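Before any comments, here is the structure.
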Amino acid sequence: MPANPFNAFTQYGIGIGLRVPHYRHILAKKPVVDWFEIISENFMVDGGRPLEVLDAILEQYRVVQHGVAMYFGSADKFDREHLKRLKCLVRRTNTPWLSDHLCWGSVDGRYTHDLLPMPYTFAVARHTAEKIRAARDHLEVPICVENVSSYAEYHASEMTEWEFLSEVVELADCGILLDVNNIYVSSKNHNFDPYDYLNNIPHHRVGQIHIAGHSKFEKYLLDTHDHPVLDPVWQMYAHAIKLVGSTATLLEWDDRIPSFDEVHNEALKANKFRDEQLATATASDQFPRTTA
Amino acid sequence: MAATLFRPLTPQWGMQKRWTDGGRMDDVAAEFIKPNDRLTSFERLEIYNRQYWFRVLDCLYDDYPGLRAILGERKFMKLATAYLARYPSDSYTLRDLGNRLEQFLQEEPHWSAPREELARDMVRFEWAQVVAFDGPSKPPISPDDILDTPPSKLRLDLQPYLSLLELDYAVDDFLIAEKKRESDVLRGEASNAVQPAPKAAKRRKRIRPPKREKVYLAVHRHDNMLYYKRLKSEAFTILTALSRGATVEDACAEAVTASDRTNIDWAAQIKGWFDNWSALGWFCRPS
């Protein structure tokens with residue numbers, strides 16, 4: 001399956017997050033990397049070292065923006081200054097698509113700096129979709145929304161998380177950044193089958209995939225991004241690739257960050273699953289099934 | 001839910017057991033959060049309450065090592081918690097989390113007692129570094145740009161990332177020493193090499209807080225590296241006057257008049273300063 005409109009029809013391959021401890025290595029060694037994902041808010045500044053590094057990276061690499069503070073699910077209107085700076089950065093990076101989370105995180109102008117789950121109701125889905133559409137129209141770039149990991153559920157919810165995600169992206173006509181680790185974490189915390197989630201979302205809207213490591217506590221899993229990807233998550237990733245085709249994939253490693261090479265090698269494990277899927281797809285093209 | 005997240009944790013880093021009206025927090029959480037087979041509603045909400053506070057406290061901890069060293073870790077955490085309870089983040093970026101810390105220390109000085117003034121100086125200094133790191137810049141002007149304008153008419157703006165600080169303590173020296181101490185401790189912890197002294201003893205050895213001393217400081221960046229530069233009082237006067245919109249002639253006159261130094265070749269001295277500031281790119285056209 002080729003890339004889709006929600007990732008601007010690109011075939012980006014396997015990327016990794018651009019993180020401060022790796023700056024020196026990347027700028028000096030210029031390793032071969034398909035693309036880097038940046039946290040938009042880290043570069044929505046007026047000047048100085050962050051923009052100097054970004055410009056140097058842009059000279060050598062493709063960059064995709066990932067945000068943590070759009071808060072599509074917050075009742076607040078968008079912060080105009082935030083949107084203005086984000087648009088400026090979109091022009092600077094020429095990101096083919098932009099992602100942020102399906103969550104809320106601010107209220108009355110006060111920010112939690114967290115990715116908080118939303119009540120899965122039709123009213124909230126409509127509100128969220130309106131904000132995503134407004135952001136896309138303003139930023140003039142395709143948007144993918146990412147499912148978050150969660151530790152709590154609301155009495156007010158009227159549907160499952162994957163039904164809510166599907167409802168929002170259909171209403172907003174936007175893409176999905178499918179975080180398979182987040183699905184796994186939430187499935188353990190809320191007792192659902194993660195494959196039900198994977199099987200029941202609009203696969204043609206998946207523009208990007210995230211993989212990451214998590215931590216196990218006695219009574220719940222926590223999305224910590226400080227480990228290699230665990231086996232059950234790799235198995236889910238393989239299934240996701242089977243469903244959505246070859247898709248831009250990114251490894252998140254944000255805490256206790258090891259060397260650049262260790263992070264990159266972990267990310268490149270995703271190639272194995274992509275290649276297997278491509279081989280399967282090619283074989284089925286050669287021997288098409290007959291239909292009645 | 002947001003109101004519950006913003007409430008400070010207990011001293012044991014848990015969610016408070018009582019709501020603001022005295023009711024049980026278990027009941028408040030159960031109103032909107034579902035329990036599961038392993039966690040009560042309270043416990044599920046507590047995960048988010050703890051995450052919020054750990055994140056914002058960690059951020060201040062990293063951004064204000066100087067204030068932390070002055071107050072000690074326990075007192076610093078109490079101050080940070082009180083500050084964030086009064087002034088939660090009002091920005092989409094954690095970069096701005098400390099933007100009202102100086103104001104808070106003025107409003108509630110008891111959190112930094114008995115070192116109120118030293119703490120305020122340090123906070124001003126550490127916030128100036130945030131500004132210098134990624135604050136805006138304007139195209140610097142060159143001597144050729146101003147060649148034809150006489151000093152009596154020439155006005156110069158300063159780069160927005162440049163902060164001029166009049167301080168009562170040498171917090172710059174103190175912070176440099178403190179960062180060196182922290183880096184020595186970290187280096188010790190990361191190495192198996194034999195230590196010249198027990199690690200614990202090294203960790204406990206704190207830098208003595210600075211004594212009262214007038215310091216004039218410019219916090220700026222050059223080639224995107226952060227610098228602090230000590231200034232003579234007259235140089236500080238000139239720069240602050242320029243930043244207020246004074247002409248170069250008036251700024252220099254104000255500095256020389258206020259100076260108690262004698263036997264100075266002011267023309268040569270001031271020319272040297274302007275050459276240096278110009279080379280650092282501090283001057284730009286008035287907006």
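So you can find residues: chains in the structure tokens are A, B, ... in the order shown, residues in each start at 1, and ligands are numbered from 1 in order.
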
Please, which residues in chain B fall within 10 Å of chain A when counting only C-alpha atoms, and what is the closest atom pair and distance in Å to one decimal for each, ordered by chain then residue number, as a Markdown table?
```
| residue | atom | partner | partner_atom | distance |
| --- | --- | --- | --- | --- |
| B:Met1 | CA | A:Leu116 | CA | 9.7 |
| B:Ala2 | CA | A:Val107 | CA | 7.1 |
| B:Ala3 | CA | A:Val107 | CA | 9.3 |
| B:Leu5 | CA | A:Thr112 | CA | 7.8 |
| B:Phe6 | CA | A:Thr112 | CA | 7.8 |
| B:Ala30 | CA | A:His155 | CA | 8.9 |
| B:Glu31 | CA | A:His155 | CA | 7.9 |
| B:Phe32 | CA | A:His155 | CA | 5.5 |
| B:Ile33 | CA | A:Tyr154 | CA | 4.7 |
| B:Lys34 | CA | A:Glu153 | CA | 5.5 |
| B:Pro35 | CA | A:Glu153 | CA | 8.0 |
| B:Asn36 | CA | A:His190 | CA | 7.2 |
| B:Asp37 | CA | A:Asn191 | CA | 9.0 |
| B:Arg38 | CA | A:Lys219 | CA | 5.9 |
| B:Leu39 | CA | A:Lys219 | CA | 7.1 |
| B:Thr40 | CA | A:Ala152 | CA | 9.8 |
| B:Ser41 | CA | A:Ala152 | CA | 7.9 |
| B:Phe42 | CA | A:Ala152 | CA | 9.9 |
| B:Glu43 | CA | A:Ala152 | CA | 9.2 |
| B:Arg44 | CA | A:Ala152 | CA | 5.5 |
| B:Leu45 | CA | A:Ala152 | CA | 6.7 |
| B:Glu46 | CA | A:Tyr151 | CA | 9.7 |
| B:Ile47 | CA | A:Tyr151 | CA | 7.2 |
| B:Tyr48 | CA | A:Tyr151 | CA | 7.9 |
| B:Asn49 | CA | A:Thr112 | CA | 9.8 |
| B:Gln51 | CA | A:Asp114 | CA | 7.9 |
| B:Tyr52 | CA | A:Thr112 | CA | 6.4 |
| B:Trp53 | CA | A:Thr112 | CA | 9.1 |
| B:Arg55 | CA | A:His113 | CA | 7.9 |
| B:Val56 | CA | A:His113 | CA | 8.1 |
| B:Tyr87 | CA | A:Arg110 | CA | 9.0 |
| B:Pro88 | CA | A:Arg110 | CA | 6.3 |
| B:Ser89 | CA | A:Tyr111 | CA | 5.3 |
| B:Asp90 | CA | A:Arg110 | CA | 4.8 |
| B:Ser91 | CA | A:Tyr111 | CA | 6.5 |
| B:Tyr92 | CA | A:Ala69 | CA | 5.9 |
| B:Thr93 | CA | A:Glu41 | CA | 6.5 |
| B:Leu94 | CA | A:His113 | CA | 7.6 |
| B:Arg95 | CA | A:Asn42 | CA | 8.7 |
| B:Val131 | CA | A:Gly48 | CA | 9.5 |
| B:Ala132 | CA | A:Gly48 | CA | 7.7 |
| B:Phe133 | CA | A:Gly48 | CA | 5.7 |
| B:Asp134 | CA | A:Gly48 | CA | 4.4 |
| B:Gly135 | CA | A:Asp46 | CA | 5.3 |
| B:Pro136 | CA | A:Asp46 | CA | 4.4 |
| B:Ser137 | CA | A:Gly47 | CA | 6.4 |
| B:Lys138 | CA | A:Gly47 | CA | 9.6 |
| B:Tyr161 | CA | A:Gly47 | CA | 8.9 |
| B:Arg221 | CA | A:Gly48 | CA | 7.9 |
| B:His222 | CA | A:Gly48 | CA | 9.1 |
| B:Asp223 | CA | A:Gly48 | CA | 8.4 |
| B:Asn224 | CA | A:Arg49 | CA | 5.1 |
| B:Met225 | CA | A:Arg49 | CA | 7.3 |
| B:Leu226 | CA | A:Gly48 | CA | 9.3 |
```

Near segment 169-182 of chain B, within 6 Å and counting only C-alpha atoms, which residues show up once chain neighbours fewer than 5 positions away are dropped, as a PyMOL selection string? chain B and resi 66+122+212-213

Would you export the selected residues with N, CA and C atoms as a PDB file, in the first residue's frame, please?
```pdb
ATOM      1  N   GLY B  66      21.149  27.583  40.437  1.00  0.00           N
ATOM      2  CA  GLY B  66      21.734  28.570  41.342  1.00  0.00           C
ATOM      3  C   GLY B  66      20.827  28.817  42.536  1.00  0.00           C
ATOM      4  N   MET B 122      19.715  35.929  42.126  1.00  0.00           N
ATOM      5  CA  MET B 122      19.990  34.696  41.374  1.00  0.00           C
ATOM      6  C   MET B 122      18.875  34.401  40.375  1.00  0.00           C
ATOM      7  N   ARG B 212      27.903  40.194  50.091  1.00  0.00           N
ATOM      8  CA  ARG B 212      27.329  41.355  49.406  1.00  0.00           C
ATOM      9  C   ARG B 212      28.421  42.108  48.640  1.00  0.00           C
ATOM     10  N   GLU B 213      28.140  42.384  47.379  1.00  0.00           N
ATOM     11  CA  GLU B 213      29.145  43.023  46.505  1.00  0.00           C
ATOM     12  C   GLU B 213      28.404  43.548  45.281  1.00  0.00           C
TER      13      GLU B 213
END
```

Can you check which residues of segment 45-203 of chain B DSSP gives as strand (DSSP E) on the backbone and send them as number ranges by chain? B: 157-158, 163-169

Give me, as a PyMOL selection string, the residues of segment 72-252 of chain A that a backbone DSSP run labels helix (DSSP H, G or I). chain A and resi 80-93+122-139+161-172+180-190+194-199+203-205+231-244

Rounded to one decimal in Å, what is the spacing between atom CA of Tyr120 of chain A and atom CA of Leu102 of chain A? 10.9 Å
